[in-house]
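File shown: work.txt. Contents: compact mmCIF, C-alpha atoms and all ligand atoms.
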```
# COMPACT_ATOMS: atom_id res chain seq x y z
CA MET I 29 7.38 -5.49 -2.72
CA ARG I 30 9.80 -4.20 -5.32
CA ILE I 31 11.95 -1.39 -4.06
CA LEU I 32 14.42 0.93 -5.69
CA LEU I 33 17.08 2.84 -3.84
CA ALA I 34 17.96 5.81 -6.00
CA GLY I 35 20.60 8.46 -5.46
CA ILE I 36 23.91 9.78 -6.65
CA PRO I 37 27.09 7.82 -5.87
CA GLY I 38 27.88 8.02 -2.16
CA SER I 39 24.25 8.34 -1.09
CA GLY I 40 24.37 4.99 0.71
CA LYS I 41 22.41 2.84 -1.75
CA THR I 42 24.50 -0.30 -1.39
CA THR I 43 24.90 -0.12 2.40
CA LEU I 44 21.17 0.36 2.90
CA ALA I 45 20.17 -2.18 0.26
CA LYS I 46 22.26 -4.81 2.05
CA LYS I 47 20.73 -3.98 5.43
CA ILE I 48 17.16 -4.08 4.13
CA SER I 49 17.62 -7.26 2.14
CA SER I 50 19.23 -9.11 5.02
CA GLU I 51 16.56 -8.05 7.49
CA LYS I 52 13.59 -8.67 5.24
CA GLY I 53 14.98 -11.60 3.24
CA PHE I 54 14.59 -9.71 -0.03
CA CYS I 55 16.61 -10.57 -3.12
CA LEU I 56 19.19 -7.94 -3.82
CA VAL I 57 20.50 -6.99 -7.25
CA LYS I 58 23.61 -4.82 -7.13
CA THR I 59 24.08 -3.50 -10.64
CA GLY I 60 27.47 -1.86 -10.10
CA GLU I 61 28.89 -5.06 -8.62
CA ILE I 62 27.57 -7.20 -11.50
CA LEU I 63 29.17 -4.78 -13.97
CA ARG I 64 32.49 -4.74 -12.09
CA ASP I 65 32.53 -8.57 -12.18
CA LEU I 66 31.87 -8.58 -15.92
CA ALA I 67 34.55 -5.93 -16.46
CA SER I 68 37.17 -8.03 -14.67
CA GLN I 69 36.88 -10.90 -17.17
CA ASN I 70 39.00 -11.44 -20.24
CA THR I 71 36.46 -10.60 -22.93
CA GLU I 72 35.71 -7.92 -25.52
CA LEU I 73 32.74 -6.83 -23.43
CA ALA I 74 35.01 -6.44 -20.40
CA LYS I 75 37.26 -4.06 -22.34
CA GLN I 76 34.32 -1.87 -23.29
CA LEU I 77 32.91 -1.88 -19.76
CA LYS I 78 36.25 -1.06 -18.20
CA GLU I 79 36.70 1.88 -20.49
CA GLU I 80 33.27 3.36 -19.76
CA MET I 81 33.38 2.73 -16.03
CA SER I 82 36.92 4.00 -15.56
CA LYS I 83 35.89 7.32 -17.10
CA GLY I 84 32.90 7.65 -14.80
CA ASP I 85 30.41 7.22 -17.65
CA LEU I 86 27.30 5.10 -17.53
CA VAL I 87 27.32 1.78 -19.35
CA SER I 88 24.97 1.45 -22.36
CA ASP I 89 21.28 1.39 -21.46
CA ASN I 90 20.54 -1.66 -23.55
CA LEU I 91 23.33 -3.71 -22.04
CA VAL I 92 22.52 -2.84 -18.41
CA ALA I 93 18.78 -3.24 -18.84
CA ASN I 94 19.21 -6.71 -20.32
CA ILE I 95 21.72 -7.81 -17.69
CA VAL I 96 19.39 -6.72 -14.90
CA LYS I 97 16.35 -8.27 -16.56
CA GLU I 98 18.20 -11.58 -16.87
CA LYS I 99 19.36 -11.42 -13.24
CA VAL I 100 15.87 -10.63 -11.95
CA THR I 101 14.38 -13.50 -13.95
CA GLU I 102 17.12 -15.90 -12.86
CA LEU I 103 16.67 -15.02 -9.18
CA ASP I 104 12.97 -15.72 -9.47
CA CYS I 105 12.26 -13.95 -6.21
CA GLY I 106 8.89 -12.66 -7.26
CA ILE I 107 7.90 -9.51 -5.51
CA CYS I 108 10.58 -9.41 -2.81
CA LEU I 109 13.20 -7.54 -4.71
CA ILE I 110 15.46 -4.64 -4.05
CA LEU I 111 17.46 -2.93 -6.75
CA ASP I 112 20.64 -0.99 -6.09
CA GLY I 113 21.65 1.23 -9.01
CA TYR I 114 19.10 0.29 -11.65
CA PRO I 115 17.59 2.07 -13.50
CA ARG I 116 19.83 5.08 -13.76
CA THR I 117 18.17 6.47 -16.87
CA LYS I 118 14.61 6.77 -18.14
CA GLU I 119 15.67 4.79 -21.23
CA GLN I 120 16.68 1.80 -19.07
CA LEU I 121 13.25 1.82 -17.48
CA GLU I 122 11.67 1.78 -20.92
CA ILE I 123 13.66 -1.34 -21.84
CA PHE I 124 13.08 -3.17 -18.57
CA ASP I 125 10.67 -1.89 -15.92
CA PRO I 126 10.84 -3.83 -12.62
CA GLU I 127 7.49 -2.25 -11.60
CA PHE I 128 8.50 -0.75 -8.29
CA GLU I 129 6.06 -0.28 -5.50
CA LYS I 130 8.29 2.22 -3.70
CA VAL I 131 11.28 4.29 -4.72
CA PHE I 132 13.44 5.79 -1.99
CA TYR I 133 15.44 8.79 -3.13
CA LEU I 134 18.48 9.09 -0.90
CA LYS I 135 19.14 12.79 -1.10
CA ILE I 136 22.62 14.17 -0.41
CA SER I 137 24.66 17.14 -1.58
CA ASP I 138 27.63 16.77 -3.91
CA GLU I 139 29.94 17.91 -1.07
CA VAL I 140 28.84 15.06 1.19
CA ALA I 141 29.02 12.60 -1.74
CA VAL I 142 32.61 13.56 -2.56
CA ARG I 143 33.66 13.30 1.09
CA ARG I 144 32.14 9.84 1.45
CA LEU I 145 33.46 8.52 -1.85
CA LEU I 146 37.02 9.67 -1.19
CA ASN I 147 36.88 7.75 2.07
CA ARG I 148 35.99 4.36 0.62
CA HIS I 149 39.04 3.98 -1.70
CA ARG I 150 37.43 2.22 -4.67
CA GLU I 151 39.35 2.28 -7.97
CA ASP I 152 36.86 4.60 -9.67
CA ASP I 153 36.75 6.95 -6.68
CA THR I 154 39.41 9.45 -7.72
CA PRO I 155 38.44 13.17 -7.60
CA GLU I 156 38.19 13.51 -11.41
CA ILE I 157 36.11 10.35 -11.94
CA ILE I 158 33.89 11.19 -8.97
CA LYS I 159 33.12 14.59 -10.46
CA ARG I 160 32.25 13.03 -13.81
CA ARG I 161 30.03 10.34 -12.18
CA LEU I 162 28.18 12.94 -10.12
CA ASP I 163 27.60 15.20 -13.15
CA VAL I 164 26.42 12.35 -15.39
CA GLN I 165 24.21 10.73 -12.78
CA ARG I 166 22.57 13.91 -11.41
CA LYS I 167 21.51 14.80 -14.94
CA GLU I 168 19.97 11.36 -15.57
CA LEU I 169 18.41 11.07 -12.12
CA HIS I 170 16.15 14.10 -12.37
CA PRO I 171 13.70 12.84 -15.05
CA LEU I 172 13.59 9.44 -13.37
CA LEU I 173 12.62 10.98 -10.02
CA GLU I 174 9.97 13.14 -11.70
CA TYR I 175 8.52 10.02 -13.30
CA PHE I 176 8.32 8.15 -9.97
CA LYS I 177 6.91 11.24 -8.25
CA ASP I 178 4.13 11.47 -10.83
CA ARG I 179 3.26 7.86 -10.12
CA GLY I 180 3.04 8.61 -6.38
CA ILE I 181 5.70 6.08 -5.34
CA LEU I 182 8.62 8.39 -4.58
CA VAL I 183 9.78 8.86 -0.99
CA GLU I 184 12.48 11.43 -0.39
CA ILE I 185 14.86 10.69 2.45
CA ASP I 186 17.52 12.95 3.97
CA ALA I 187 20.46 10.62 3.44
CA GLU I 188 23.04 12.98 4.94
CA LYS I 189 21.95 11.66 8.33
CA GLU I 190 23.63 8.69 10.03
CA VAL I 191 23.07 5.41 8.20
CA ASP I 192 21.11 3.89 11.11
CA HIS I 193 18.76 6.84 11.17
CA VAL I 194 18.21 6.62 7.41
CA TYR I 195 17.66 2.89 7.69
CA LYS I 196 15.02 3.34 10.43
CA GLN I 197 13.18 5.84 8.26
CA ILE I 198 13.08 3.46 5.30
CA ARG I 199 12.01 0.60 7.53
CA GLY I 200 9.23 2.78 8.91
CA TYR I 201 7.89 3.39 5.42
CA LEU I 202 8.08 -0.30 4.62
CA HIS I 203 6.10 -1.10 7.77
CA ASN I 204 3.75 1.86 7.23
CA GLU I 205 4.80 3.46 10.51
CA PRO I 206 4.24 7.21 10.84
CA GLN I 207 7.45 9.22 10.29
CA SER I 208 8.67 11.85 12.73
P1 LIG B 1 27.98 1.83 -8.59
O1 LIG B 1 28.69 0.67 -7.94
O2 LIG B 1 26.51 1.77 -8.47
O3 LIG B 1 28.55 3.17 -8.15
O4 LIG B 1 28.29 1.73 -10.17
C1 LIG B 1 29.62 1.79 -10.65
C2 LIG B 1 29.63 2.09 -12.14
O5 LIG B 1 28.91 1.06 -12.85
C3 LIG B 1 28.93 3.39 -12.57
O6 LIG B 1 29.78 4.50 -12.46
C4 LIG B 1 28.56 3.07 -14.01
O7 LIG B 1 29.68 3.18 -14.87
C5 LIG B 1 28.19 1.60 -13.93
N1 LIG B 1 26.73 1.43 -13.66
C6 LIG B 1 26.15 0.94 -12.52
N2 LIG B 1 24.82 0.87 -12.63
C7 LIG B 1 24.53 1.34 -13.88
C8 LIG B 1 23.33 1.53 -14.61
N3 LIG B 1 22.12 1.24 -14.11
N4 LIG B 1 23.44 2.04 -15.86
C9 LIG B 1 24.62 2.32 -16.42
N5 LIG B 1 25.80 2.17 -15.80
C10 LIG B 1 25.76 1.68 -14.54
```
Represent the structure from my file as C-alpha cells, please.
Amino acid sequence: MRILLAGIPGSGKTTLAKKISSEKGFCLVKTGEILRDLASQNTELAKQLKEEMSKGDLVSDNLVANIVKEKVTELDCGICLILDGYPRTKEQLEIFDPEFEKVFYLKISDEVAVRRLLNRHREDDTPEIIKRRLDVQRKELHPLLEYFKDRGILVEIDAEKEVDHVYKQIRGYLHNEPQS
C-alpha cells in the first residue's frame, strides 16, 4: 500500500509517518529531511536549496520530483511505501506519481500549526518563515487534495487531536476498522 500523509507544516506528518512505518515495516521517504541533507553539502545545488528553504519557499518541482523518484526506485520497497511531504504541488505529481492507494489529509488550523512549529525549534521555524511556508503550502495543497478526493482516496483526519488518537484513526483506516 502506498500512502501519502498530506498537510501543512506542523500537522504531524513526520511524527505519524515514523510511527506507521515502524509498526507496519513500510519504507519511509522523508522529503524535507532529504532536502536538508542535500542543502548541508558544499555544492552549487546546496546553495540554491538553502536559499529557497530558508525563505520558506518550495524547492523546484522538477528537482524534488526527480529526487523522490530516484529514492523510491533505490529503496525498491514495492508497494509498502509511505511518503512524508511529497508531492506538495500538482506539478510534482505530474512529473512523478507514486500511485497512492490512500491519502491522509492531516487537517489543522494555522493557529495550531504556528504554536506547534514554534515549539520544535528548527532553523526554518521562525515566525516570518513559518508564515511564508503556511501561505505557500496551503495554496498548493488545495488542488492536490481536490485531485485525490475526485479519485476517492482522500481521508480527512482531525489532526488537532493528540498524536496517539490521530495515529489510531489512521491505523483503523489501514486495517479497515470502522471509525467512531
Ligand atoms: P518539511 O521538513 O517537510 O517541513 O520541509 C522543509 C522544507 O523543504 C520546505 O519548507 C520546502 O522548502 C522543502 N520541501 C520539502 N518537501 C518539498 C516538496 N515536496 N516540494 C518542494 N519543496 C519541498
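Distances to ligand LIG 1 (chain B) were evaluated for I:Arg150, I:Lys47, I:Arg161, I:Lys52 using all atoms listed in the file, and the minimum falls at I:Arg161.
Every protein or nucleic acid residue with an atom no more than 9 Å from Ile48 of chain I, counting all atoms listed in the file and leaving out same-chain residues fewer than 4 positions away, appears here: Thr43, Leu44, Lys52, Gly53, Phe54, Ile110, Tyr195, Ile198 and Arg199 of chain I.
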List all protein, DNA and RNA residues that have an atom no more than 8 Å from any atom of ligand LIG 1 (chain B), counting all atoms listed in the file, and report them as a tab-separated table (two decimals) with C-alpha atoms, keeping the file's coordinate frame.
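So result09.tsv came out as:
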```tsv
chain	number	residue	atom	x	y	z
I	37	PRO	CA	27.09	7.82	-5.87
I	38	GLY	CA	27.88	8.02	-2.16
I	41	LYS	CA	22.41	2.84	-1.75
I	42	THR	CA	24.50	-0.30	-1.39
I	58	LYS	CA	23.61	-4.82	-7.13
I	59	THR	CA	24.08	-3.50	-10.64
I	60	GLY	CA	27.47	-1.86	-10.10
I	61	GLU	CA	28.89	-5.06	-8.62
I	63	LEU	CA	29.17	-4.78	-13.97
I	64	ARG	CA	32.49	-4.74	-12.09
I	77	LEU	CA	32.91	-1.88	-19.76
I	80	GLU	CA	33.27	3.36	-19.76
I	81	MET	CA	33.38	2.73	-16.03
I	82	SER	CA	36.92	4.00	-15.56
I	83	LYS	CA	35.89	7.32	-17.10
I	84	GLY	CA	32.90	7.65	-14.80
I	85	ASP	CA	30.41	7.22	-17.65
I	86	LEU	CA	27.30	5.10	-17.53
I	87	VAL	CA	27.32	1.78	-19.35
I	88	SER	CA	24.97	1.45	-22.36
I	89	ASP	CA	21.28	1.39	-21.46
I	92	VAL	CA	22.52	-2.84	-18.41
I	93	ALA	CA	18.78	-3.24	-18.84
I	112	ASP	CA	20.64	-0.99	-6.09
I	113	GLY	CA	21.65	1.23	-9.01
I	114	TYR	CA	19.10	0.29	-11.65
I	115	PRO	CA	17.59	2.07	-13.50
I	116	ARG	CA	19.83	5.08	-13.76
I	117	THR	CA	18.17	6.47	-16.87
I	120	GLN	CA	16.68	1.80	-19.07
I	152	ASP	CA	36.86	4.60	-9.67
I	161	ARG	CA	30.03	10.34	-12.18
```
With only C-alpha atoms as the basis for distance, which of I:Arg160, I:Arg143, I:Lys130, I:His203 is at the shortest distance from Leu32 of chain I?
-> I:Lys130
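The space separating atom CA of Gln197 of chain I from atom CA of His170 of chain I comes to 22.4 Å.
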Top pick for closest residue to Leu169 of chain I, considering I:Glu98, I:Asn204, I:Arg30, I:Glu119 and counting only C-alpha atoms = I:Glu119
Contact residues around Tyr201 of chain I with all atoms listed in the file at 12 Å, ignoring same-chain residues under 6 positions, as a VMD selection string | chain I and resid 31 48 129 to 132 181 to 185 194 to 195 207 to 208
